[in-house]
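Data first, discussion second: the structure below is written as structure tokens.
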Number of protein chains: 2
Amino acid sequence: MKASQFFISTLKEAPAEATLASHKLMLRAGLIKANASGLYTWMPMGLRVLRKVENIVREEMNRVGCVELLMPVIQSADLWKESGRWQFYGDELLRITDRHDNEFCFSPTCEEMITDIVRKEINSYKQLPKNFYHINTKFRDERRPRFGVMRAREFVMKDAYSFHADFESLVRDGYQPMYDAYCRIFNRLGLNFRPVAADTGSIGGTGSHEFQVLADSGEDVIAYSDSSDYAANVELAQTLPLSGSRAAAQKSLEKIHTPNTKTIEQLVQFLNIPVETTLKSIVVEGKEDGEIVLLLLRGDHEFNDIKAEKLADVKSPLTMASAESILAQFGANGGSLGPVGFKGKVYADFATEKGADWVIGANQDDYHYTGFNFGRDAAEPEFVDLRNVVAGDPSPCGSGSLKLARGIEVGHVFQLRTKYSEAMNATFLDNNGKSQIMEMGCYGIGVTRVVAAAIEQNNDEKGIIWTDAMAPFTVVIVPMNYKKSADVKAAADKIHAELLAQGVDVLLDDRDERAGVLLADSELLGIPHRIVIGDRALKEGNVEYAERKVGESQSIAVNEIVGKIKNVLAK
Amino acid sequence: MKASQFFISTLKEAPAEATLASHKLMLRAGLIKANASGLYTWMPMGLRVLRKVENIVREEMNRVGCVELLMPVIQSADLWKESGRWQFYGDELLRITDRHDNEFCFSPTCEEMITDIVRKEINSYKQLPKNFYHINTKFRDERRPRFGVMRAREFVMKDAYSFHADFESLVRDGYQPMYDAYCRIFNRLGLNFRPVAADTGSIGGTGSHEFQVLADSGEDVIAYSDSSDYAANVELAQTLPLSGSRAAAQKSLEKIHTPNTKTIEQLVQFLNIPVETTLKSIVVEGKEDGEIVLLLLRGDHEFNDIKAEKLADVKSPLTMASAESILAQFGANGGSLGPVGFKGKVYADFATEKGADWVIGANQDDYHYTGFNFGRDAAEPEFVDLRNVVAGDPSPCGSGSLKLARGIEVGHVFQLRTKYSEAMNATFLDNNGKSQIMEMGCYGIGVTRVVAAAIEQNNDEKGIIWTDAMAPFTVVIVPMNYKKSADVKAAADKIHAELLAQGVDVLLDDRDERAGVLLADSELLGIPHRIVIGDRALKEGNVEYAERKVGESQSIAVNEIVGKIKNVLAK
């Protein structure tokens with residue numbers, strides 16, 4: 001492809017509103033163009049990348065027997081009412097009314113639609129298992145679309161749905177092959193990623209992995225073992241009870257005046273003590289009406305609401321206690337609360353079990369206790385896992401300790417089980433002629449997001465660094481003075497034609513621009529392999545070859561460059 | 001591909017609501033599945049056809065240097081207000097309000113969006129001409145969606161837009177190459193089609209061709225010359241003035257009582273006269289306020305409102321005169337109107353110029369004149385083209401006479417000129433540094449509709465008849481007793497593997513169904529080439545080969561069948 005027959009539109013500066021590296025670089029390289037908040041055009045250069053991702057996804061889906069179809073993006077509200085999601089999805093669901101005042105939505109996912117199709121098409125165990133996917137436009141009406149295509153409103157997603165006669169088949173014929181296919185996809189794309197155990201969130205069901213592309217700018221935090229394959233979203237990674245016995249109490253309980261210390265930070269600054277010696281109190285509603293529950297964890301630890309919500313005596317969804325009920329039951333306001341004298345249920349985090357002589361709220365405004373000890377000053381609480389893991393925690397797999405990394409979620413596999421098939425009555429006759437509910441899995445890849453995540457992980461001050469698999473062009477030929485030097489033009493055209501004949505995805509940048517612009521653009525665009533053709537080197541029979549991720553150029557004989565490129569790409 | 005790894009879902013009967021052959025067959029063959037009114041899922045079998053059409057379209061677009069990008073389907077109302085189409089598009093435009101109450105639409109076409117991109121990206125004549133396309137989901141909120149994907153609400157369209165420095169470039173670099181590309185596309189798809197001159201309708205501009213797939217069920221009527229390449233939509237085909245002199249008047253003007261004859265049909269029946277001797281009157285509003293204009297044409301001819309709207313004294317858009325103004329100016333109601341005594345402008349169709357002794361309304365309710373003659377009984381009208389052509393009319397190209405055929409519009413090329421570029425200020429600096437408005441062309445193909453049109457043109461009582469280019473699979477292997485006969489299974493698997501290795505798109509129908517079901521499905525699905533493998537023939541070393549469009553089977557040696565298929569496909 002010659003640049004003159006294509007469309008290159010690079011910018012010196014990214015628009016000010018772009019803050020994330022991938023967003024800036026995609027705009028500067030002309031991969032995307034903003035049309036409205038959260039709405040982007042994939043410009044010719046960007047679309048080539050998107051299609052390469054799509055094709056790899058498609059190949060790996062087909063390889064595991066997932067069958068492609070294409071569901072409409074506009075879907076009747078009736079189906080969404082059947083599953084209950086019409087009510088519960090919230091404002092991210094773009095609701096639409098047609099000319100006859102019928103209700104529709106722009107689908108953000110297709111569980112309802114595929115379940116409707118399958119319940120009409122499949123009625124026997126002989127037709128199961130079956131796995132369908134499509135790659136299509138989705139819409140989520142984000143409150144604050146940002147970060148370019150990383151969190152756009154309109155985006156391209158591959159979503160797959162598998163249907164099974166029983167749970168064993170879901171795991172064996174659906175979840176595991178799809179998990180493996182996802183690993184192959186992200187490996188083929190050349191991304192540094194981890195599959196991590198994840199919470200199933202609002203979609204429900206049990207068993208789920210996120211596929212996280214590691215990048216410092218990622219919104220998600222992943223905990224992984226330094227000596228096993230264990231990895232989990234930090235929200236889900238468990239902490240373990242501490243071993244050993246509790247430290248002996250050294251101090252007696254003493255109430256001290258701590259004015260203007262509403263937060264742990266203010267408290268430790270006021271008392272000039274290590275934050276690890278403090279306990280913080282969180283008060284939530286209990287299962288029974290009017291009941292409230294006290295949760296205690298170390299001052300430096302981060303509260304994990306997903307874990308708290310699963311506790312036996314805690315109301316789900318997790319609900320913070322009101323200021324009124326706190327005052328009524330503790331005799332004090334938030335900022336000075338603690339277990340001393342509290343009659344209700346108390347849970348304390350595992351990390352507090354072996355400690356002694358804590359600083360904690362005294363249930364009197366502007367007062368705290370020092371020298372607080374479980375068992376002596378208040379009843380022993382129930383010790384549970386209440387916090388996010390931190391680096392250095394022992395890995396819950398039993399092997400090694402945890403490290404933390406940031407990631408960008410690009411894929412997700414779920415064991416949905418019967419959440420949708422039960423609500424929508426997707427049944428089949430088993431081999432005894434008995435009606436059974438189907439088991440379901442669902443599997444998503446944010447195709448447009450993969451492109452942004454890859455850039456987020458692979459860029460430098462000059463621009464994007466593509467892998468061969470994702471690059472809009474694998475090779476770029478940069479001729480110096482293509483329009484003026486007949487020799488350069490002849491050599492560039494010949495190498496271009498030979499590479500095309502070899503099936504190499506090559507761009508000949510024949511634009512009438514200064515050499516510096518062409519070179520800078522080739523780096524901004526991140527084309528993995530570059531051949532520079534200049535008059536001087538050409539007189540000696542040479543061209544310059546450079547790999548984008550390495551940077552340094554090497555001189556190659558002009559009649560060897562095509563062979564060189566073939567060798568490099570074959571690796 | 002083995003059927004057991006795919007998804008075949010055929011029906012004995014089409015749902016009652018399907019009336020069109022393509023709609024019935026697409027449902028019966030399991031190519032599509034209805035989700036809601038005008039909304040369809042492309043099932044795995046149908047999607048394969050759709051992708052083959054898309055790929056051919058894409059290849060031919062790329063070949064003429066049209067550059068692919070991908071614009072969002074949800075578009076801001078602001079752009080549509082700039083062009084004026086937000087107001088004028090009507091109820092077919094699906095309007096959407098997001099969570100922040102901003103207005104959007106689901107794009108039915110993308111003139112505004114691409115013009116917005118181009119005016120920001122292109123500012124010099126050096127960057128022109130440029131031609132962009134995308135293949136994407138569109139939505140038109142049809143009042144009465146019907147005929148399956150032929151007139152669905154959500155559909156896939158290829159739309160392209162070219163931008164030029166001047167009109168010559170629009171024709172030379174945009175319109176003509178795209179016209180040629182469209183011819184190649186429909187030829188490659190194996191369709192019997194005609195490019196026909198067309199009206200530009202509400203989209204505006206001048207110069208336009210429709211690409212019509214010929215089929216008896218088509219909604220459009222095409223007029224074409226029996227001895228030249230001339231073809232036009234019947235709405236646009238011109239009639240020519242008659243040659244020769246006018247027939248001499250034989251009768252005097254006589255007013256006769258014609259009770260209950262409000263229509264031409266009633267009149268000719270009442271008087272028992274040939275319809276060709278009558279004139280009908282159509283009264284429309286004139287250019288000036290309060291003015292009305294009388295249009296006359298032969299009783300048997302069909303009025304053409306597009307032609308009438310272009311007459312100098314007629315108001316545009318064409319507006320029928322009100323019953324009150326007719327009564328005021330003629331002294332009679334519709335059904336008895338005529339030119340005798342009428343003071344306003346009168347146009348008469350060319351076909352009436354040489355006739356004499358007409359029967360026409362007498363401007364008195366329930367009365368008509370016989371023996372009416374232009375010039376003698378009323379002033380000579382202006383003779384113009386006012387009607388649709390009929391078969392046998394001389395071709396306006398000057399060669400041969402016209403024939404009529406029905407067609408399905410699958411593509412359209414337009415010379416938009418400056419309609420959008422002017423409204424949206426899409427300018428560039430010419431080689432004198434002067435700001436100029438860009439010239440624009442636009443070019444659409446209804447990708448999903450092409451599939452339905454192909455079936456409409458090519459089917460029989462057994463099912464669909466695909467061309468090799470569009471078929472979901474090129475070859476189907478139908479083994480009799482695949483599950484029970486080891487010989488049949490071995491032969492089927494071997495031929496399947498060999499054809500796959502040759503790159504042939506082959507389906508091995510290994511479903512555990514009766515032979516009759518497999519054979520009937522292969523015909524319903526319309527796979528062009530079928531290999532039947534049965535125990536008896538196999539013992540003699542033979543299999544049966546049949547071409548779907550021919551029907552008859554021939555016996556082929558089992559070790560020659562792969563070579564045979566390769567030969568047939570190479571043709």
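Within each chain, counting starts at residue 1; across the structure tokens, chains are named A, B, ... in the order shown, with ligands numbered 1 upward in that order.
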Discussion item. Taking only C-alpha atoms into account, find every residue of chain A that has an atom no more than 7 Å from chain B, and write it out as a PyMOL selection string.
Written reply: chain A and resi 5-6+36+39-44+47+65+67-72+76+91+94+96+98-99+141
Hey, can you spit out that residue selection with N, CA, C and O atoms as a compact mmCIF listing (two decimals), in the first residue's frame?
```txt
# COMPACT_ATOMS: atom_id res chain seq x y z
N GLN A 5 -2.20 6.44 -1.59
CA GLN A 5 -3.50 5.80 -1.86
C GLN A 5 -4.23 5.47 -0.56
O GLN A 5 -5.28 4.84 -0.57
N PHE A 6 -3.63 5.88 0.55
CA PHE A 6 -4.20 5.58 1.86
C PHE A 6 -4.53 6.92 2.52
O PHE A 6 -4.73 7.94 1.83
N ALA A 36 -18.02 12.72 19.22
CA ALA A 36 -18.79 13.30 20.33
C ALA A 36 -18.30 12.59 21.57
O ALA A 36 -17.47 11.68 21.49
N LEU A 39 -17.72 8.82 21.61
CA LEU A 39 -18.03 8.29 20.27
C LEU A 39 -16.87 8.61 19.34
O LEU A 39 -16.49 9.77 19.19
N TYR A 40 -16.33 7.59 18.71
CA TYR A 40 -15.13 7.74 17.88
C TYR A 40 -15.30 7.09 16.52
O TYR A 40 -15.93 6.06 16.40
N THR A 41 -14.67 7.72 15.52
CA THR A 41 -14.49 7.06 14.23
C THR A 41 -13.15 6.35 14.25
O THR A 41 -12.15 6.92 14.71
N TRP A 42 -13.13 5.12 13.79
CA TRP A 42 -11.88 4.41 13.57
C TRP A 42 -11.38 4.81 12.20
O TRP A 42 -11.94 4.40 11.19
N MET A 43 -10.35 5.63 12.18
CA MET A 43 -9.81 6.11 10.93
C MET A 43 -9.09 4.96 10.23
O MET A 43 -8.84 3.91 10.84
N PRO A 44 -8.78 5.11 8.94
CA PRO A 44 -8.22 3.97 8.19
C PRO A 44 -7.04 3.29 8.89
O PRO A 44 -6.97 2.05 8.92
N LEU A 47 -8.42 1.35 11.93
CA LEU A 47 -9.28 0.22 11.57
C LEU A 47 -8.47 -1.01 11.18
O LEU A 47 -8.87 -2.14 11.45
N GLY A 65 -14.61 -24.38 18.09
CA GLY A 65 -15.96 -24.79 17.72
C GLY A 65 -17.04 -23.82 18.13
O GLY A 65 -18.22 -24.16 18.16
N VAL A 67 -19.47 -21.00 17.20
CA VAL A 67 -20.06 -20.74 15.88
C VAL A 67 -20.50 -19.28 15.80
O VAL A 67 -21.22 -18.78 16.66
N GLU A 68 -20.09 -18.61 14.72
CA GLU A 68 -20.38 -17.17 14.59
C GLU A 68 -21.78 -16.93 14.03
O GLU A 68 -22.22 -17.59 13.09
N LEU A 69 -22.47 -15.96 14.62
CA LEU A 69 -23.73 -15.46 14.07
C LEU A 69 -23.71 -13.96 14.28
O LEU A 69 -22.66 -13.39 14.63
N LEU A 70 -24.80 -13.28 13.99
CA LEU A 70 -24.83 -11.82 14.15
C LEU A 70 -26.20 -11.40 14.67
O LEU A 70 -27.18 -11.47 13.94
N MET A 71 -26.23 -10.99 15.93
CA MET A 71 -27.50 -10.55 16.52
C MET A 71 -27.66 -9.05 16.33
O MET A 71 -26.67 -8.33 16.22
N PRO A 72 -28.91 -8.57 16.27
CA PRO A 72 -29.11 -7.13 16.07
C PRO A 72 -28.67 -6.33 17.29
O PRO A 72 -28.68 -6.84 18.41
N SER A 76 -35.56 -5.68 21.64
CA SER A 76 -36.83 -5.37 22.29
C SER A 76 -36.71 -5.38 23.81
O SER A 76 -36.07 -6.25 24.40
N ASP A 91 -28.75 3.47 34.29
CA ASP A 91 -28.67 4.47 33.23
C ASP A 91 -27.67 4.13 32.13
O ASP A 91 -27.63 4.80 31.10
N LEU A 94 -28.85 2.17 27.17
CA LEU A 94 -29.43 3.21 26.31
C LEU A 94 -30.81 2.75 25.86
O LEU A 94 -30.94 1.83 25.05
N ILE A 96 -34.50 3.20 24.11
CA ILE A 96 -34.93 3.82 22.86
C ILE A 96 -36.41 3.55 22.66
O ILE A 96 -36.89 2.47 22.99
N ASP A 98 -39.34 3.59 19.62
CA ASP A 98 -39.46 3.69 18.17
C ASP A 98 -40.68 4.53 17.78
O ASP A 98 -41.36 5.09 18.64
N ARG A 99 -40.96 4.66 16.50
CA ARG A 99 -42.04 5.55 16.02
C ARG A 99 -43.41 5.09 16.49
O ARG A 99 -44.35 5.88 16.49
N ASP A 141 -24.05 3.65 28.01
CA ASP A 141 -24.16 5.10 28.18
C ASP A 141 -23.42 5.50 29.46
O ASP A 141 -24.04 5.85 30.47
```
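Non-sequential neighbours of A:Leu27 (distance at most 9 Å, separation of 2 or more positions within a chain, only C-alpha atoms) are Thr10, Leu11, Glu13, Ala14, Pro15, Ala18, Ser22, His23, Lys24, Leu25, Ala29, Gly30, Leu31, Ile32, Lys33, Ala34 and Gly148 of chain A.
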Fill in: Test item: residues at most 10 Å from A:His529, only C-alpha atoms, excluding those fewer than 3 positions along its chain, as a ChimeraX atom specification
/A:466-468,471,473-477,506,522-523,526,545-551,565,568-569
Please report as JSON lines every residue of stretch 282-331 of chain B lying within 9 Å of stretch 379-395 of chain B, along with the nearest atom pair and their distance in Å (one decimal), using only C-alpha atoms.
```
{"residue": "B:Leu295", "atom": "CA", "partner": "B:Leu386", "partner_atom": "CA", "distance": 8.0}
{"residue": "B:Leu296", "atom": "CA", "partner": "B:Leu386", "partner_atom": "CA", "distance": 8.3}
{"residue": "B:Leu297", "atom": "CA", "partner": "B:Leu386", "partner_atom": "CA", "distance": 7.2}
{"residue": "B:Arg298", "atom": "CA", "partner": "B:Arg387", "partner_atom": "CA", "distance": 9.0}
{"residue": "B:His301", "atom": "CA", "partner": "B:Arg387", "partner_atom": "CA", "distance": 6.4}
{"residue": "B:Glu302", "atom": "CA", "partner": "B:Arg387", "partner_atom": "CA", "distance": 5.4}
{"residue": "B:Phe303", "atom": "CA", "partner": "B:Arg387", "partner_atom": "CA", "distance": 4.6}
{"residue": "B:Asn304", "atom": "CA", "partner": "B:Arg387", "partner_atom": "CA", "distance": 4.7}
{"residue": "B:Asp305", "atom": "CA", "partner": "B:Leu386", "partner_atom": "CA", "distance": 7.7}
{"residue": "B:Ile306", "atom": "CA", "partner": "B:Leu386", "partner_atom": "CA", "distance": 8.7}
{"residue": "B:Lys307", "atom": "CA", "partner": "B:Leu386", "partner_atom": "CA", "distance": 5.9}
{"residue": "B:Ala308", "atom": "CA", "partner": "B:Leu386", "partner_atom": "CA", "distance": 5.9}
{"residue": "B:Leu311", "atom": "CA", "partner": "B:Val384", "partner_atom": "CA", "distance": 8.6}
```
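Using only C-alpha atoms, the nearest neighbour of A:Asp300 within the list A:Pro274, A:Pro317, A:Gly361, A:Gly218 is A:Pro274.
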Item to complete: Write out as a PyMOL selection string all residues of stretch 307-516 of chain A that DSSP puts in helix (DSSP H, G or I) for this structure's backbone.
Response: chain A and resi 307-309+323-330+350-352+419-423+447-457+486-501+515-516
Worksheet entry | Of the listed residues A:Ile533, A:Met150, A:Lys419, A:Gly190, that which approaches A:Ile465 most closely, counting only C-alpha atoms | A:Gly190
Worksheet item: Which is closest to B:Asn425 among B:Glu544, B:Val558, B:Lys81, B:Lys120, if we use only C-alpha atoms?
Response: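 Smallest separation from B:Asn425 among the options: B:Lys120.
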Discussion item. Report, in Å with one decimal, the straight-line distance from atom CA of A:Val447 to atom CA of A:Met157.
Written reply: 5.2 Å
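Residue nearest B:Met26, chosen from B:Ala486, B:Ile455, B:Leu518, B:Leu416 and counting only C-alpha atoms: B:Ile455.
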Mind checking which residues fall within 10 Å of A:Val283, counting only C-alpha atoms, ignoring those fewer than 4 positions away in the same chain, and posting them as an mmCIF file with all heavy atoms, in the first residue's frame?
```
data_model
loop_
_atom_site.group_PDB
_atom_site.id
_atom_site.type_symbol
_atom_site.label_atom_id
_atom_site.label_comp_id
_atom_site.auth_asym_id
_atom_site.auth_seq_id
_atom_site.Cartn_x
_atom_site.Cartn_y
_atom_site.Cartn_z
ATOM 1 N N ILE A 292 -27.485 -3.322 63.621
ATOM 2 C CA ILE A 292 -26.284 -2.834 62.976
ATOM 3 C C ILE A 292 -25.091 -3.669 63.414
ATOM 4 O O ILE A 292 -25.100 -4.283 64.493
ATOM 5 C CB ILE A 292 -26.033 -1.322 63.183
ATOM 6 C CG1 ILE A 292 -25.798 -0.981 64.639
ATOM 7 C CG2 ILE A 292 -27.168 -0.484 62.608
ATOM 8 C CD1 ILE A 292 -25.502 0.493 64.826
ATOM 9 N N VAL A 293 -24.088 -3.709 62.531
ATOM 10 C CA VAL A 293 -22.952 -4.603 62.710
ATOM 11 C C VAL A 293 -21.679 -3.754 62.643
ATOM 12 O O VAL A 293 -21.565 -2.861 61.820
ATOM 13 C CB VAL A 293 -22.941 -5.674 61.596
ATOM 14 C CG1 VAL A 293 -21.673 -6.527 61.669
ATOM 15 C CG2 VAL A 293 -24.190 -6.547 61.679
ATOM 16 N N LEU A 294 -20.742 -4.062 63.556
ATOM 17 C CA LEU A 294 -19.482 -3.321 63.610
ATOM 18 C C LEU A 294 -18.370 -4.144 62.954
ATOM 19 O O LEU A 294 -18.187 -5.325 63.255
ATOM 20 C CB LEU A 294 -19.117 -3.037 65.077
ATOM 21 C CG LEU A 294 -17.770 -2.336 65.313
ATOM 22 C CD1 LEU A 294 -17.724 -0.961 64.652
ATOM 23 C CD2 LEU A 294 -17.513 -2.201 66.827
ATOM 24 N N LEU A 295 -17.658 -3.508 62.027
ATOM 25 C CA LEU A 295 -16.537 -4.155 61.335
ATOM 26 C C LEU A 295 -15.258 -3.424 61.728
ATOM 27 O O LEU A 295 -15.189 -2.204 61.664
ATOM 28 C CB LEU A 295 -16.733 -4.057 59.817
ATOM 29 C CG LEU A 295 -18.107 -4.518 59.289
ATOM 30 C CD1 LEU A 295 -18.239 -4.223 57.800
ATOM 31 C CD2 LEU A 295 -18.323 -6.006 59.570
ATOM 32 N N LEU A 296 -14.238 -4.191 62.154
ATOM 33 C CA LEU A 296 -12.984 -3.587 62.611
ATOM 34 C C LEU A 296 -11.829 -4.039 61.731
ATOM 35 O O LEU A 296 -11.707 -5.226 61.423
ATOM 36 C CB LEU A 296 -12.679 -4.023 64.050
ATOM 37 C CG LEU A 296 -13.692 -3.617 65.120
ATOM 38 C CD1 LEU A 296 -13.308 -4.252 66.468
ATOM 39 C CD2 LEU A 296 -13.747 -2.093 65.244
ATOM 40 N N THR A 319 -24.924 -2.004 53.095
ATOM 41 C CA THR A 319 -25.523 -0.689 53.326
ATOM 42 C C THR A 319 -24.902 -0.075 54.577
ATOM 43 O O THR A 319 -24.937 -0.686 55.655
ATOM 44 C CB THR A 319 -27.054 -0.826 53.527
ATOM 45 O OG1 THR A 319 -27.583 -1.623 52.466
ATOM 46 C CG2 THR A 319 -27.743 0.532 53.561
ATOM 47 N N MET A 320 -24.319 1.092 54.421
ATOM 48 C CA MET A 320 -23.734 1.766 55.589
ATOM 49 C C MET A 320 -24.852 2.164 56.554
ATOM 50 O O MET A 320 -25.936 2.546 56.127
ATOM 51 C CB MET A 320 -22.970 3.028 55.148
ATOM 52 C CG MET A 320 -21.732 2.711 54.319
ATOM 53 S SD MET A 320 -20.457 1.814 55.288
ATOM 54 C CE MET A 320 -19.754 0.765 54.016
ATOM 55 N N ALA A 321 -24.562 2.059 57.833
ATOM 56 C CA ALA A 321 -25.558 2.458 58.827
ATOM 57 C C ALA A 321 -25.751 3.973 58.777
ATOM 58 O O ALA A 321 -24.817 4.720 58.457
ATOM 59 C CB ALA A 321 -25.096 2.036 60.220
ATOM 60 N N SER A 322 -26.961 4.425 59.095
ATOM 61 C CA SER A 322 -27.233 5.863 59.064
ATOM 62 C C SER A 322 -26.584 6.535 60.280
ATOM 63 O O SER A 322 -26.317 5.901 61.314
ATOM 64 C CB SER A 322 -28.739 6.103 59.096
ATOM 65 O OG SER A 322 -29.247 5.700 60.356
ATOM 66 N N ALA A 323 -26.327 7.833 60.142
ATOM 67 C CA ALA A 323 -25.731 8.605 61.241
ATOM 68 C C ALA A 323 -26.608 8.526 62.486
ATOM 69 O O ALA A 323 -26.109 8.412 63.614
ATOM 70 C CB ALA A 323 -25.538 10.055 60.792
ATOM 71 N N SER A 325 -28.726 6.039 63.435
ATOM 72 C CA SER A 325 -28.673 4.755 64.133
ATOM 73 C C SER A 325 -27.318 4.562 64.808
ATOM 74 O O SER A 325 -27.223 3.935 65.859
ATOM 75 C CB SER A 325 -29.004 3.598 63.184
ATOM 76 O OG SER A 325 -28.039 3.523 62.159
ATOM 77 N N ILE A 326 -26.256 5.107 64.220
ATOM 78 C CA ILE A 326 -24.932 5.013 64.861
ATOM 79 C C ILE A 326 -24.945 5.762 66.201
ATOM 80 O O ILE A 326 -24.549 5.217 67.250
ATOM 81 C CB ILE A 326 -23.844 5.587 63.920
ATOM 82 C CG1 ILE A 326 -23.613 4.617 62.748
ATOM 83 C CG2 ILE A 326 -22.542 5.849 64.683
ATOM 84 C CD1 ILE A 326 -22.684 5.140 61.677
ATOM 85 N N GLY A 334 -19.544 8.983 64.037
ATOM 86 C CA GLY A 334 -18.430 8.397 63.304
ATOM 87 C C GLY A 334 -17.146 9.159 63.570
ATOM 88 O O GLY A 334 -17.156 10.378 63.747
ATOM 89 N N LEU A 337 -15.677 5.752 67.074
ATOM 90 C CA LEU A 337 -16.429 4.523 67.398
ATOM 91 C C LEU A 337 -15.499 3.364 67.715
ATOM 92 O O LEU A 337 -14.348 3.327 67.288
ATOM 93 C CB LEU A 337 -17.328 4.149 66.207
ATOM 94 C CG LEU A 337 -18.286 5.246 65.729
ATOM 95 C CD1 LEU A 337 -19.108 4.754 64.544
ATOM 96 C CD2 LEU A 337 -19.195 5.712 66.874
ATOM 97 N N GLY A 338 -16.047 2.411 68.484
ATOM 98 C CA GLY A 338 -15.264 1.225 68.822
ATOM 99 C C GLY A 338 -16.150 0.178 69.451
ATOM 100 O O GLY A 338 -17.358 0.385 69.633
ATOM 101 N N VAL A 346 -19.855 -8.115 66.186
ATOM 102 C CA VAL A 346 -18.594 -7.491 65.773
ATOM 103 C C VAL A 346 -17.764 -8.486 64.965
ATOM 104 O O VAL A 346 -17.552 -9.617 65.404
ATOM 105 C CB VAL A 346 -17.777 -7.021 67.005
ATOM 106 C CG1 VAL A 346 -16.483 -6.332 66.538
ATOM 107 C CG2 VAL A 346 -18.594 -6.085 67.889
#
```
Worksheet item: Quick one: residues within 7 Å of A:Phe163, only C-alpha atoms counted, chain neighbours fewer than 2 positions away excluded, as a PyMOL selection string?
Response: chain A and resi 128-131+161+438-441
Show which residues sit within 9 Å of A:Asn559, as a compact mmCIF listing (two decimals) with C-alpha atoms, in the first residue's frame. Count only C-alpha atoms, and ignore same-chain residues fewer than 6 positions away.
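Saved to result39.txt:
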```txt
# COMPACT_ATOMS: atom_id res chain seq x y z
CA ILE A 495 11.19 -3.49 -2.44
CA GLY A 541 24.16 -0.64 -2.37
CA ASN A 542 22.63 -0.37 1.09
```
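Our summary of the geometry notes that atom CA of A:Lys251 is positioned 15.4 Å from atom CA of A:Lys354.
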